[in-house]
>>> print(open('upload-v5.txt').read())   # compact mmCIF, C-alpha atoms and all ligand atoms
# COMPACT_ATOMS: atom_id res chain seq x y z
CA MET F 1 41.20 38.00 216.81
CA ASN F 2 44.23 40.26 217.47
CA ALA F 3 43.38 40.41 221.16
CA LEU F 4 43.42 36.60 221.27
CA LEU F 5 46.77 36.41 219.49
CA ASN F 6 48.26 39.14 221.72
CA THR F 7 47.19 37.32 224.89
CA ALA F 8 48.78 34.08 223.68
CA GLU F 9 52.01 35.83 222.74
CA ALA F 10 52.19 37.61 226.09
CA ALA F 11 51.80 34.29 227.94
CA HIS F 12 54.53 32.59 225.88
CA PRO F 13 57.02 35.25 224.76
CA ILE F 14 59.13 34.00 221.86
CA SER F 15 62.76 34.86 221.61
CA SER F 16 63.43 35.43 217.91
CA ASP F 17 67.07 34.29 217.99
CA LYS F 18 66.08 30.75 219.12
CA VAL F 19 63.38 30.09 216.53
CA ASP F 20 63.77 28.83 213.01
CA ASP F 21 60.40 29.87 211.67
CA ALA F 22 61.06 29.34 207.98
CA SER F 23 58.54 26.94 206.43
CA THR F 24 60.13 24.04 204.61
CA THR F 25 57.51 24.16 201.85
CA THR F 26 57.41 26.48 198.86
CA VAL F 27 54.38 27.20 196.71
CA SER F 28 54.82 24.99 193.68
CA GLN F 29 51.65 25.99 191.86
CA PRO F 30 48.59 28.05 192.83
CA LEU F 31 45.36 26.03 192.56
CA PRO F 32 41.85 27.21 191.81
CA THR F 33 39.38 27.08 194.66
CA SER F 34 36.91 24.20 194.53
CA GLY F 35 34.09 26.72 194.06
CA ALA F 36 35.81 28.29 191.05
CA LEU F 37 36.48 24.92 189.41
CA LYS F 38 32.92 23.72 190.02
CA LYS F 39 31.69 26.90 188.35
CA ALA F 40 34.09 26.61 185.40
CA ILE F 41 33.23 22.93 184.80
CA ALA F 42 29.63 22.99 185.91
CA LEU F 43 27.00 20.25 185.93
CA GLU F 44 23.69 20.56 184.11
CA PRO F 45 20.63 20.21 186.36
CA ALA F 46 19.73 16.92 184.58
CA ILE F 47 23.15 15.46 185.43
CA ARG F 48 22.81 16.56 189.07
CA GLU F 49 19.44 14.83 189.21
CA GLN F 50 20.89 11.68 187.65
CA ILE F 51 23.65 11.56 190.29
CA ALA F 52 21.11 12.09 193.09
CA GLU F 53 19.09 9.14 191.75
CA GLN F 54 22.18 6.94 191.39
CA ARG F 55 23.20 7.68 194.99
CA GLN F 56 19.69 6.77 196.12
CA THR F 57 19.82 3.49 194.19
CA ILE F 58 23.07 2.61 195.99
CA ARG F 59 21.54 3.56 199.37
CA ASN F 60 18.61 1.26 198.57
CA ILE F 61 20.99 -1.61 197.84
CA LEU F 62 22.89 -0.99 201.09
CA SER F 63 19.67 -0.99 203.09
CA GLY F 64 18.33 -4.12 201.39
CA GLN F 65 15.37 -2.38 199.72
CA ASP F 66 16.91 -3.11 196.31
CA SER F 67 18.12 -6.70 195.98
CA ARG F 68 20.43 -6.14 193.01
CA LEU F 69 24.18 -6.62 193.42
CA LEU F 70 26.25 -3.43 193.58
CA VAL F 71 29.29 -3.84 191.31
CA VAL F 72 32.09 -1.27 191.51
CA MET F 73 34.43 -2.02 188.62
CA GLY F 74 37.04 -0.26 186.55
CA PRO F 75 40.74 0.48 186.36
CA CYS F 76 42.91 0.44 189.45
CA SER F 77 43.77 3.99 188.42
CA ILE F 78 42.80 6.26 185.56
CA HIS F 79 45.85 7.47 183.67
CA ASP F 80 44.48 8.60 180.33
CA ARG F 81 41.20 10.06 179.20
CA ASP F 82 40.80 8.05 175.99
CA SER F 83 41.05 4.60 177.56
CA ALA F 84 38.84 5.71 180.48
CA LEU F 85 36.08 6.84 178.10
CA ASP F 86 36.53 3.74 175.94
CA TYR F 87 36.10 1.61 179.10
CA ALA F 88 33.10 3.68 180.22
CA ARG F 89 31.27 3.18 176.90
CA ARG F 90 31.73 -0.59 177.10
CA LEU F 91 30.71 -0.63 180.74
CA LYS F 92 27.54 1.30 179.99
CA GLY F 93 26.53 -1.36 177.45
CA LEU F 94 27.13 -4.12 180.00
CA ALA F 95 25.37 -2.15 182.76
CA ASP F 96 22.22 -1.89 180.63
CA GLU F 97 22.36 -5.59 179.82
CA VAL F 98 22.46 -6.75 183.47
CA ALA F 99 20.45 -3.88 184.97
CA ASP F 100 17.72 -6.14 186.36
CA ARG F 101 20.25 -8.02 188.56
CA MET F 102 23.17 -5.65 189.08
CA VAL F 103 23.99 -1.96 189.37
CA LEU F 104 27.35 -1.26 187.73
CA VAL F 105 29.37 1.71 188.97
CA MET F 106 32.64 2.71 187.30
CA ARG F 107 35.83 3.03 189.33
CA VAL F 108 37.24 6.42 188.36
CA TYR F 109 40.17 6.44 190.78
CA VAL F 110 42.27 9.56 190.30
CA GLU F 111 44.27 9.53 193.57
CA LYS F 112 46.38 6.54 194.61
CA PRO F 113 47.54 5.82 198.16
CA ARG F 114 51.08 4.42 198.01
CA THR F 115 52.71 1.97 200.38
CA THR F 116 55.84 4.09 200.19
CA VAL F 117 56.26 6.28 197.11
CA GLY F 118 55.07 6.10 193.52
CA TRP F 119 52.81 7.84 191.02
CA LYS F 120 49.92 9.35 193.01
CA GLY F 121 47.32 9.49 190.29
CA LEU F 122 45.87 11.66 187.54
CA VAL F 123 45.00 14.51 189.88
CA TYR F 124 48.56 14.84 191.10
CA ASP F 125 50.48 14.15 187.93
CA PRO F 126 48.28 14.11 184.81
CA HIS F 127 51.30 13.87 182.47
CA LEU F 128 52.74 10.86 184.35
CA ASP F 129 56.21 12.36 184.22
CA GLY F 130 56.73 13.88 187.66
CA SER F 131 55.79 17.38 186.44
CA ASP F 132 52.89 17.34 188.97
CA ASN F 133 50.58 19.79 187.22
CA MET F 134 47.78 19.49 189.77
CA ALA F 135 45.81 22.49 188.44
CA GLU F 136 45.51 20.63 185.14
CA GLY F 137 44.92 17.31 186.94
CA LEU F 138 41.96 18.78 188.80
CA SER F 139 40.30 20.21 185.73
CA SER F 140 40.91 17.14 183.56
CA THR F 141 39.51 14.97 186.35
CA ARG F 142 36.35 17.08 186.57
CA ARG F 143 35.91 17.04 182.79
CA LEU F 144 36.43 13.29 182.59
CA MET F 145 34.04 12.58 185.46
CA ARG F 146 31.43 14.85 183.89
CA ASP F 147 31.78 13.10 180.53
CA ILE F 148 31.54 9.61 182.05
CA THR F 149 28.47 10.69 184.01
CA ALA F 150 26.92 12.03 180.80
CA LEU F 151 27.05 8.48 179.42
CA GLY F 152 24.65 7.56 182.24
CA LEU F 153 27.16 5.77 184.48
CA PRO F 154 27.54 6.34 188.22
CA ILE F 155 31.09 7.05 189.40
CA ALA F 156 33.05 5.46 192.27
CA CYS F 157 36.17 7.12 193.61
CA GLU F 158 38.55 6.75 196.53
CA LEU F 159 38.85 10.05 198.38
CA LEU F 160 42.36 10.28 199.75
CA GLN F 161 43.49 13.89 200.27
CA PRO F 162 40.59 15.54 202.14
CA MET F 163 41.39 18.94 200.59
CA LEU F 164 40.72 17.52 197.14
CA SER F 165 37.33 15.98 197.82
CA ALA F 166 35.49 19.29 197.36
CA TYR F 167 36.74 19.50 193.75
CA MET F 168 34.81 16.36 192.72
CA ASP F 169 32.31 15.43 195.46
CA ASP F 170 29.31 16.53 193.36
CA LEU F 171 30.21 13.98 190.66
CA ILE F 172 30.64 10.85 192.76
CA SER F 173 27.87 8.36 193.55
CA TRP F 174 29.92 5.98 195.75
CA ALA F 175 33.13 6.85 197.60
CA ALA F 176 35.77 4.68 199.23
CA VAL F 177 38.19 5.27 202.05
CA GLY F 178 41.16 2.99 201.48
CA ALA F 179 42.84 0.48 203.75
CA ARG F 180 45.68 2.88 204.53
CA THR F 181 43.42 5.72 205.71
CA THR F 182 40.37 4.06 207.33
CA GLU F 183 41.84 4.61 210.79
CA SER F 184 42.46 8.31 210.20
CA GLN F 185 40.24 10.73 212.12
CA ILE F 186 40.68 13.30 209.35
CA HIS F 187 39.16 10.88 206.79
CA ARG F 188 36.30 10.01 209.13
CA GLU F 189 35.56 13.76 209.45
CA MET F 190 35.67 14.07 205.66
CA VAL F 191 33.20 11.17 205.24
CA SER F 192 30.85 12.69 207.82
CA ALA F 193 30.33 15.54 205.34
CA LEU F 194 30.04 13.51 202.13
CA PRO F 195 26.69 13.47 200.32
CA MET F 196 27.13 9.94 198.94
CA PRO F 197 27.31 6.36 200.30
CA THR F 198 30.87 5.49 201.31
CA GLY F 199 32.68 2.21 201.89
CA PHE F 200 35.46 1.88 204.46
CA LYS F 201 38.02 -0.79 203.64
CA ASN F 202 39.41 -2.99 206.38
CA GLY F 203 43.01 -2.15 207.36
CA THR F 204 46.01 -3.52 205.44
CA ASP F 205 46.60 -5.95 208.34
CA GLY F 206 43.12 -7.39 207.69
CA GLY F 207 41.58 -5.85 210.83
CA ILE F 208 37.93 -4.97 210.38
CA GLN F 209 37.48 -3.10 213.68
CA VAL F 210 39.11 0.06 212.29
CA ALA F 211 36.49 0.14 209.52
CA ILE F 212 33.64 -0.49 211.96
CA ASP F 213 34.96 2.32 214.20
CA ALA F 214 35.21 4.54 211.12
CA MET F 215 31.56 3.87 210.26
CA GLY F 216 30.52 4.75 213.81
CA ALA F 217 32.62 7.93 213.84
CA SER F 218 31.51 9.23 210.46
CA GLN F 219 27.80 8.79 211.04
CA HIS F 220 28.14 11.58 213.64
CA GLY F 221 28.42 15.26 212.82
CA HIS F 222 31.88 16.79 213.37
CA ARG F 223 33.41 20.24 213.66
CA TYR F 224 36.80 20.35 211.97
CA PRO F 225 39.03 22.83 210.16
CA GLY F 226 38.89 23.03 206.39
CA PHE F 227 38.20 25.44 203.56
CA ASP F 228 34.92 26.75 202.27
CA ASP F 229 34.21 26.80 198.50
CA SER F 230 35.88 30.21 198.21
CA GLY F 231 39.11 28.87 199.72
CA GLN F 232 38.61 30.64 203.06
CA PRO F 233 39.90 28.60 206.04
CA ALA F 234 36.94 27.84 208.26
CA LEU F 235 35.68 25.63 211.04
CA LEU F 236 33.33 23.32 209.14
CA HIS F 237 30.34 21.54 210.65
CA SER F 238 29.28 18.27 209.01
CA PRO F 239 25.88 16.60 209.41
CA GLY F 240 27.21 12.99 209.64
CA ASN F 241 26.93 10.35 206.93
CA PRO F 242 24.34 7.60 207.61
CA ASP F 243 25.26 5.61 204.46
CA THR F 244 28.58 3.94 205.19
CA HIS F 245 29.49 0.27 204.96
CA LEU F 246 32.34 -2.22 205.25
CA VAL F 247 34.54 -3.32 202.34
CA LEU F 248 36.47 -6.57 202.87
CA ARG F 249 39.75 -6.44 200.90
CA GLY F 250 41.83 -9.06 202.72
CA GLY F 251 45.03 -8.26 204.61
CA HIS F 252 48.64 -9.21 205.24
CA HIS F 253 47.55 -12.64 206.51
CA GLY F 254 45.45 -13.44 203.45
CA PRO F 255 41.94 -13.09 202.07
CA ASN F 256 38.79 -12.38 204.09
CA HIS F 257 36.04 -13.13 201.56
CA ASP F 258 35.56 -16.76 202.70
CA ALA F 259 32.27 -17.64 204.40
CA PRO F 260 33.63 -17.75 208.00
CA SER F 261 35.30 -14.33 207.60
CA VAL F 262 32.14 -12.82 206.09
CA GLU F 263 29.97 -14.30 208.87
CA LYS F 264 32.38 -12.97 211.51
CA ALA F 265 32.28 -9.51 209.91
CA ALA F 266 28.47 -9.57 209.73
CA LEU F 267 28.29 -10.42 213.46
CA ALA F 268 30.76 -7.67 214.38
CA LEU F 269 28.76 -5.10 212.39
CA ARG F 270 25.55 -6.16 214.10
CA ALA F 271 27.20 -5.98 217.55
CA ALA F 272 28.46 -2.45 216.79
CA GLY F 273 25.00 -1.30 215.69
CA VAL F 274 26.21 0.01 212.34
CA SER F 275 25.07 -0.88 208.81
CA GLY F 276 25.36 -4.60 208.13
CA ALA F 277 26.04 -4.15 204.41
CA ILE F 278 29.27 -5.73 203.16
CA MET F 279 31.09 -5.32 199.85
CA VAL F 280 33.89 -7.71 198.89
CA ASP F 281 36.84 -6.31 197.00
CA CYS F 282 37.82 -9.17 194.65
CA SER F 283 41.26 -7.61 194.15
CA HIS F 284 44.04 -6.52 196.53
CA ALA F 285 44.74 -9.00 199.35
CA ASN F 286 41.67 -11.09 198.42
CA SER F 287 43.30 -11.99 195.09
CA GLY F 288 46.92 -11.71 196.25
CA LYS F 289 47.03 -8.90 193.64
CA ASP F 290 46.82 -11.55 190.90
CA PRO F 291 44.06 -10.33 188.55
CA ALA F 292 43.44 -13.89 187.33
CA ARG F 293 42.23 -14.77 190.85
CA GLN F 294 39.53 -12.07 190.96
CA PRO F 295 36.92 -14.26 189.20
CA LEU F 296 37.45 -16.94 191.88
CA VAL F 297 36.67 -14.40 194.58
CA LEU F 298 33.63 -13.19 192.65
CA ASP F 299 32.45 -16.76 192.25
CA GLU F 300 32.76 -17.38 196.00
CA VAL F 301 30.78 -14.21 196.82
CA ILE F 302 27.97 -15.21 194.46
CA ARG F 303 27.94 -18.69 196.01
CA GLN F 304 27.58 -17.23 199.52
CA ARG F 305 24.87 -14.84 198.38
CA LEU F 306 22.92 -17.65 196.78
CA ASN F 307 23.33 -19.57 200.05
CA GLY F 308 21.52 -16.78 201.86
CA MET F 309 24.27 -14.41 203.05
CA SER F 310 22.16 -11.30 202.44
CA SER F 311 24.76 -8.97 204.02
CA LEU F 312 26.86 -9.38 200.86
CA VAL F 313 25.43 -6.53 198.84
CA GLY F 314 28.36 -5.61 196.61
CA ILE F 315 31.60 -6.54 194.94
CA MET F 316 34.56 -4.61 193.56
CA LEU F 317 36.62 -5.63 190.54
CA GLU F 318 39.81 -4.05 189.23
CA SER F 319 39.30 -4.21 185.49
CA HIS F 320 40.71 -2.37 182.48
CA LEU F 321 40.66 -2.79 178.71
CA GLU F 322 43.66 -5.17 178.75
CA THR F 323 44.80 -7.70 181.32
CA GLY F 324 47.71 -7.09 183.70
CA ARG F 325 49.80 -4.07 184.47
CA GLN F 326 52.77 -2.20 183.04
CA PRO F 327 55.57 -0.15 184.56
CA MET F 328 55.49 3.61 184.05
CA GLY F 329 57.62 4.60 181.11
CA ALA F 330 57.78 6.56 177.91
CA GLU F 331 55.91 4.00 175.79
CA LEU F 332 52.69 2.96 177.50
CA ARG F 333 50.46 0.26 176.06
CA TYR F 334 46.85 1.44 175.57
CA GLY F 335 44.32 0.27 178.16
CA VAL F 336 46.83 -1.42 180.50
CA SER F 337 46.93 -0.45 184.20
CA VAL F 338 49.96 1.48 185.46
CA THR F 339 49.20 0.54 189.08
CA ASP F 340 47.77 -2.83 190.21
CA GLY F 341 47.13 -5.58 187.67
CA CYS F 342 43.57 -5.62 186.27
CA LEU F 343 41.34 -8.12 184.52
CA GLY F 344 40.99 -7.30 180.83
CA TRP F 345 37.65 -6.18 179.37
CA ALA F 346 36.82 -9.46 177.64
CA GLU F 347 37.22 -11.46 180.88
CA SER F 348 35.50 -8.79 182.98
CA GLU F 349 32.46 -8.82 180.73
CA HIS F 350 32.41 -12.61 180.65
CA TYR F 351 32.57 -13.02 184.45
CA ILE F 352 30.01 -10.28 185.12
CA ARG F 353 27.61 -11.94 182.66
CA MET F 354 28.19 -15.31 184.32
CA ALA F 355 27.55 -13.85 187.79
CA ALA F 356 24.39 -12.13 186.55
CA LYS F 357 23.17 -15.41 185.06
CA ARG F 358 23.71 -17.23 188.35
CA LEU F 359 21.88 -14.48 190.24
CA SER F 360 18.86 -14.87 187.99
CA GLU F 361 18.64 -18.65 188.35
CA PRO F 362 16.10 -20.00 190.84
CA VAL F 363 17.82 -20.99 194.12
O1 LIG F 401 45.24 -0.17 194.60
C1 LIG F 401 46.39 0.18 194.47
C2 LIG F 401 47.51 -0.23 195.31
O2 LIG F 401 47.33 -1.47 195.86
C3 LIG F 401 47.75 0.78 196.38
O3 LIG F 401 47.62 2.06 195.84
C4 LIG F 401 49.15 0.58 196.95
O4 LIG F 401 50.04 0.53 195.94
P1 LIG F 401 51.60 0.33 196.13
O5 LIG F 401 51.82 -0.72 197.18
O6 LIG F 401 52.06 -0.10 194.77
O7 LIG F 401 52.19 1.65 196.52
C1 LIG F 402 44.08 1.33 196.97
C2 LIG F 402 43.01 0.57 196.88
O1 LIG F 402 42.63 -0.36 197.75
P1 LIG F 402 43.14 -0.65 199.23
O2 LIG F 402 42.93 0.61 200.00
O3 LIG F 402 42.27 -1.76 199.65
O4 LIG F 402 44.58 -1.05 199.14
C3 LIG F 402 42.12 0.63 195.69
O5 LIG F 402 40.99 0.10 195.75
O6 LIG F 402 42.56 1.19 194.71
>>> encode(input="upload-v5.txt", output="structure tokens", more="lines below")
Ligand SMILES: O=C[C@H](O)[C@H](O)COP(=O)(O)O
Ligand SMILES: C=C(OP(=O)(O)O)C(=O)O
Amino acid sequence: MNALLNTAEAAHPISSDKVDDASTTTVSQPLPTSGALKKAIALEPAIREQIAEQRQTIRNILSGQDSRLLVVMGPCSIHDRDSALDYARRLKGLADEVADRMVLVMRVYVEKPRTTVGWKGLVYDPHLDGSDNMAEGLSSTRRLMRDITALGLPIACELLQPMLSAYMDDLISWAAVGARTTESQIHREMVSALPMPTGFKNGTDGGIQVAIDAMGASQHGHRYPGFDDSGQPALLHSPGNPDTHLVLRGGHHGPNHDAPSVEKAALALRAAGVSGAIMVDCSHANSGKDPARQPLVLDEVIRQRLNGMSSLVGIMLESHLETGRQPMGAELRYGVSVTDGCLGWAESEHYIRMAAKRLSEPV
């Protein structure tokens, strides 16, 4: 190692008076290693088995072996434990009720990608006040995910900062890469190592090719720098992830859940030789971020499915206990999203029941 460094230095001698080598970052807070946190907040063997089965169920839906609809639903972001567990208990009841037609997976989104700046999620700032206690955010996230899993629910999560994925990857049954990061090579490398099915969203401009390229890239193994469970920097070698799929979320020019857009996406997936499974995100640019429009998107997806569009295997809903959203502030209303507007629980339950009923009717 030293010989290598010495050779490089000899080839490019550095004059110390010309170099400003001070890093612009300071250590704000030491963090536990992912291995230490996984040990401190460990999973029982029965829970690990449950998660393995839930991942397999999702794989079966993506491959068409299981004809139930995959439904990823829950808050845009989790900002407090009590309302998340309250939501999870209600969702578990609904999941059991529709289990013969749908598999319900709870959105437990703890990192938020921002268009510019804003609150970045429970992991970053668990007190929602800019104090950014990430050590606490990581452990409260693990505890919350473990407790939701113990209710019997599978967990969906967007993985945004690749360094953080190792702190929670054993708890997640379905992962997402968001519209702002689908084109990133670093995220494709991360997905190539993930042990669970993963959806790539189309880009914010509505382009689906970036997601198709991402699926192709992440099904291959990669060598890339990272950290092992003990925090040691290392060149990691991933096996490749065969269980990726496209998520249509609309774009700057409007929605892309209409039948022509879905047919076009299905053709492009087939031409690229990647999985043909498609999930429609009923929120974001497909609803114009108006939660009241999400049921219309859901309705349209069910209609296409009943008309024979078998590529449509899943939907995503942004749903919380109460409808709408609220700005961050000292007095937060219980069960209301602090990021994008969500459907309230009563409407969510109603529209999921309606969709399940339509799926069970003879075509
Ligand atoms: O899903 C959430 C948001 O759409 C995404 O994080 C971007 O949010 P922003 O535009 O408010 O930053
Ligand atoms: C940020 C999200 O979506 P998108 O990447 O589609 O904007 C999300 O689902 O929370």
>>> axis_aligned_box(input="upload-v5.txt", around="region 177-194 of chain F", padding_each_side="3 Å", output="JSON")
{"center_x": 37.9, "center_y": 8.0, "center_z": 206.8, "size_x": 21.6, "size_y": 21.1, "size_z": 16.6}
>>> atom_distance(input="upload-v5.txt", atom1="CA of Ile41 (chain F)", atom2="CA of Leu91 (chain F)")
24.0 Å
>>> atom_distance(input="upload-v5.txt", atom1="CA of Thr181 (chain F)", atom2="CA of Gln29 (chain F)")
25.9 Å
>>> atom_distance(input="upload-v5.txt", atom1="CA of Arg353 (chain F)", atom2="CA of Asp96 (chain F)")
11.6 Å
>>> closest_atom_pairs(input="upload-v5.txt", of="chain F", to="ligand LIG 401 (chain F)", cutoff="7 Å", atoms="only C-alpha atoms and all ligand atoms", output="Markdown table")
| residue | atom | partner | partner_atom | distance |
| --- | --- | --- | --- | --- |
| F:Cys76 | CA | F:LIG401 | O1 | 5.7 |
| F:Lys112 | CA | F:LIG401 | O3 | 4.8 |
| F:Pro113 | CA | F:LIG401 | O3 | 4.4 |
| F:Arg114 | CA | F:LIG401 | O7 | 3.3 |
| F:Thr115 | CA | F:LIG401 | O7 | 3.9 |
| F:Thr116 | CA | F:LIG401 | O7 | 5.7 |
| F:Val117 | CA | F:LIG401 | O7 | 6.2 |
| F:Gly118 | CA | F:LIG401 | O7 | 6.1 |
| F:His284 | CA | F:LIG401 | O2 | 6.1 |
| F:Thr339 | CA | F:LIG401 | C1 | 6.1 |
| F:Asp340 | CA | F:LIG401 | C1 | 5.4 |
>>> residues_near_ligand(input="upload-v5.txt", ligand="ligand LIG 402 (chain F)", cutoff="8 Å", atoms="all atoms listed in the file", output="list in words")
Cys76, Ser77, Tyr109, Lys112, Pro113, Arg114, Glu158, Ala176, Val177, Gly178, Ala179, Arg180, Thr181, Lys201, Asn202, Gly203, Thr204, Arg249, Gly250, Asp281, Ser283, His284, Ala285, Glu318 and Asp340 of chain F
>>> closest_residue(input="upload-v5.txt", among="F:His245, F:Arg188, F:Lys92, F:His253", to="Arg270 (chain F)", atoms="all atoms listed in the file")
F:His245
>>> residues_around(input="upload-v5.txt", residues="region 123-140 of chain F", least_positions_apart="6", cutoff="10 Å", atoms="all atoms listed in the file", output="list in words")
Ser28, Gln29, Pro30, Leu31, Pro32, Ser34, Leu37, Lys38, Ala40, Ile41, Ile78, His79, Asp80, Arg81, Tyr109, Val110, Glu111, Lys112, Arg146, Leu164, Tyr167, Met168, Met328, Gly329, Ala330 and Val338 of chain F
>>> closest_residue(input="upload-v5.txt", among="F:Met102, F:Ala266, F:Val27, F:Ile155", to="Ala84 (chain F)", atoms="all atoms listed in the file")
F:Ile155
>>> residues_near_point(input="upload-v5.txt", point="(35.5, 0.9, 208.0)", cutoff="12 Å", atoms="only C-alpha atoms", output="JSON, numbers by chain")
{"F": [176, 177, 178, 179, 180, 181, 182, 183, 184, 185, 187, 188, 191, 198, 199, 200, 201, 202, 203, 204, 206, 207, 208, 209, 210, 211, 212, 213, 214, 215, 216, 217, 218, 219, 243, 244, 245, 246, 247, 248, 249, 265, 268, 269, 272, 274, 275, 276, 277, 278, 279]}
>>> decode(input="upload-v5.txt", residues="region 162-184 of chain F", atoms="N, CA and C atoms", output="short mmCIF file (atom, residue, chain, number, x, y, z; two decimals), in the first residue's frame")
data_model
loop_
_atom_site.label_atom_id
_atom_site.label_comp_id
_atom_site.auth_asym_id
_atom_site.auth_seq_id
_atom_site.Cartn_x
_atom_site.Cartn_y
_atom_site.Cartn_z
N PRO F 162 -26.94 5.78 -0.42
CA PRO F 162 -26.47 4.38 -0.42
C PRO F 162 -25.79 3.95 0.88
N MET F 163 -25.12 4.88 1.56
CA MET F 163 -24.46 4.51 2.82
C MET F 163 -25.46 4.07 3.89
N LEU F 164 -26.69 4.53 3.78
CA LEU F 164 -27.67 4.23 4.83
C LEU F 164 -28.40 2.91 4.59
N SER F 165 -28.33 2.38 3.38
CA SER F 165 -29.15 1.21 3.08
C SER F 165 -28.78 0.02 3.97
N ALA F 166 -27.51 -0.11 4.32
CA ALA F 166 -27.08 -1.26 5.12
C ALA F 166 -27.66 -1.24 6.53
N TYR F 167 -28.15 -0.08 6.99
CA TYR F 167 -28.72 0.00 8.34
C TYR F 167 -30.13 -0.59 8.40
N MET F 168 -30.77 -0.77 7.23
CA MET F 168 -32.17 -1.22 7.25
C MET F 168 -32.52 -2.26 6.20
N ASP F 169 -31.53 -2.66 5.38
CA ASP F 169 -31.84 -3.53 4.24
C ASP F 169 -32.44 -4.88 4.64
N ASP F 170 -32.15 -5.34 5.87
CA ASP F 170 -32.69 -6.64 6.29
C ASP F 170 -34.17 -6.57 6.66
N LEU F 171 -34.71 -5.34 6.75
CA LEU F 171 -36.10 -5.17 7.19
C LEU F 171 -37.07 -4.88 6.05
N ILE F 172 -36.54 -4.66 4.87
CA ILE F 172 -37.36 -4.16 3.76
C ILE F 172 -37.72 -5.29 2.79
N SER F 173 -39.00 -5.33 2.40
CA SER F 173 -39.42 -6.37 1.45
C SER F 173 -39.49 -5.84 0.02
N TRP F 174 -39.68 -4.54 -0.14
CA TRP F 174 -39.73 -3.94 -1.48
C TRP F 174 -39.06 -2.57 -1.38
N ALA F 175 -38.10 -2.31 -2.27
CA ALA F 175 -37.40 -1.02 -2.22
C ALA F 175 -37.70 -0.22 -3.48
N ALA F 176 -37.57 1.09 -3.35
CA ALA F 176 -37.74 1.98 -4.51
C ALA F 176 -36.49 2.82 -4.70
N VAL F 177 -36.20 3.10 -5.97
CA VAL F 177 -35.24 4.16 -6.28
C VAL F 177 -36.08 5.25 -6.92
N GLY F 178 -35.95 6.46 -6.40
CA GLY F 178 -36.84 7.54 -6.79
C GLY F 178 -36.48 8.17 -8.13
N ALA F 179 -37.41 9.02 -8.58
CA ALA F 179 -37.28 9.65 -9.90
C ALA F 179 -36.01 10.49 -10.01
N ARG F 180 -35.56 11.04 -8.88
CA ARG F 180 -34.39 11.91 -8.94
C ARG F 180 -33.07 11.15 -8.93
N THR F 181 -33.11 9.84 -8.66
CA THR F 181 -31.85 9.09 -8.55
C THR F 181 -31.78 7.86 -9.47
N THR F 182 -32.84 7.60 -10.23
CA THR F 182 -32.83 6.41 -11.10
C THR F 182 -31.66 6.41 -12.08
N GLU F 183 -31.25 7.61 -12.51
CA GLU F 183 -30.17 7.66 -13.51
C GLU F 183 -28.78 7.51 -12.89
N SER F 184 -28.71 7.50 -11.57
CA SER F 184 -27.41 7.51 -10.91
C SER F 184 -26.76 6.13 -10.89
#
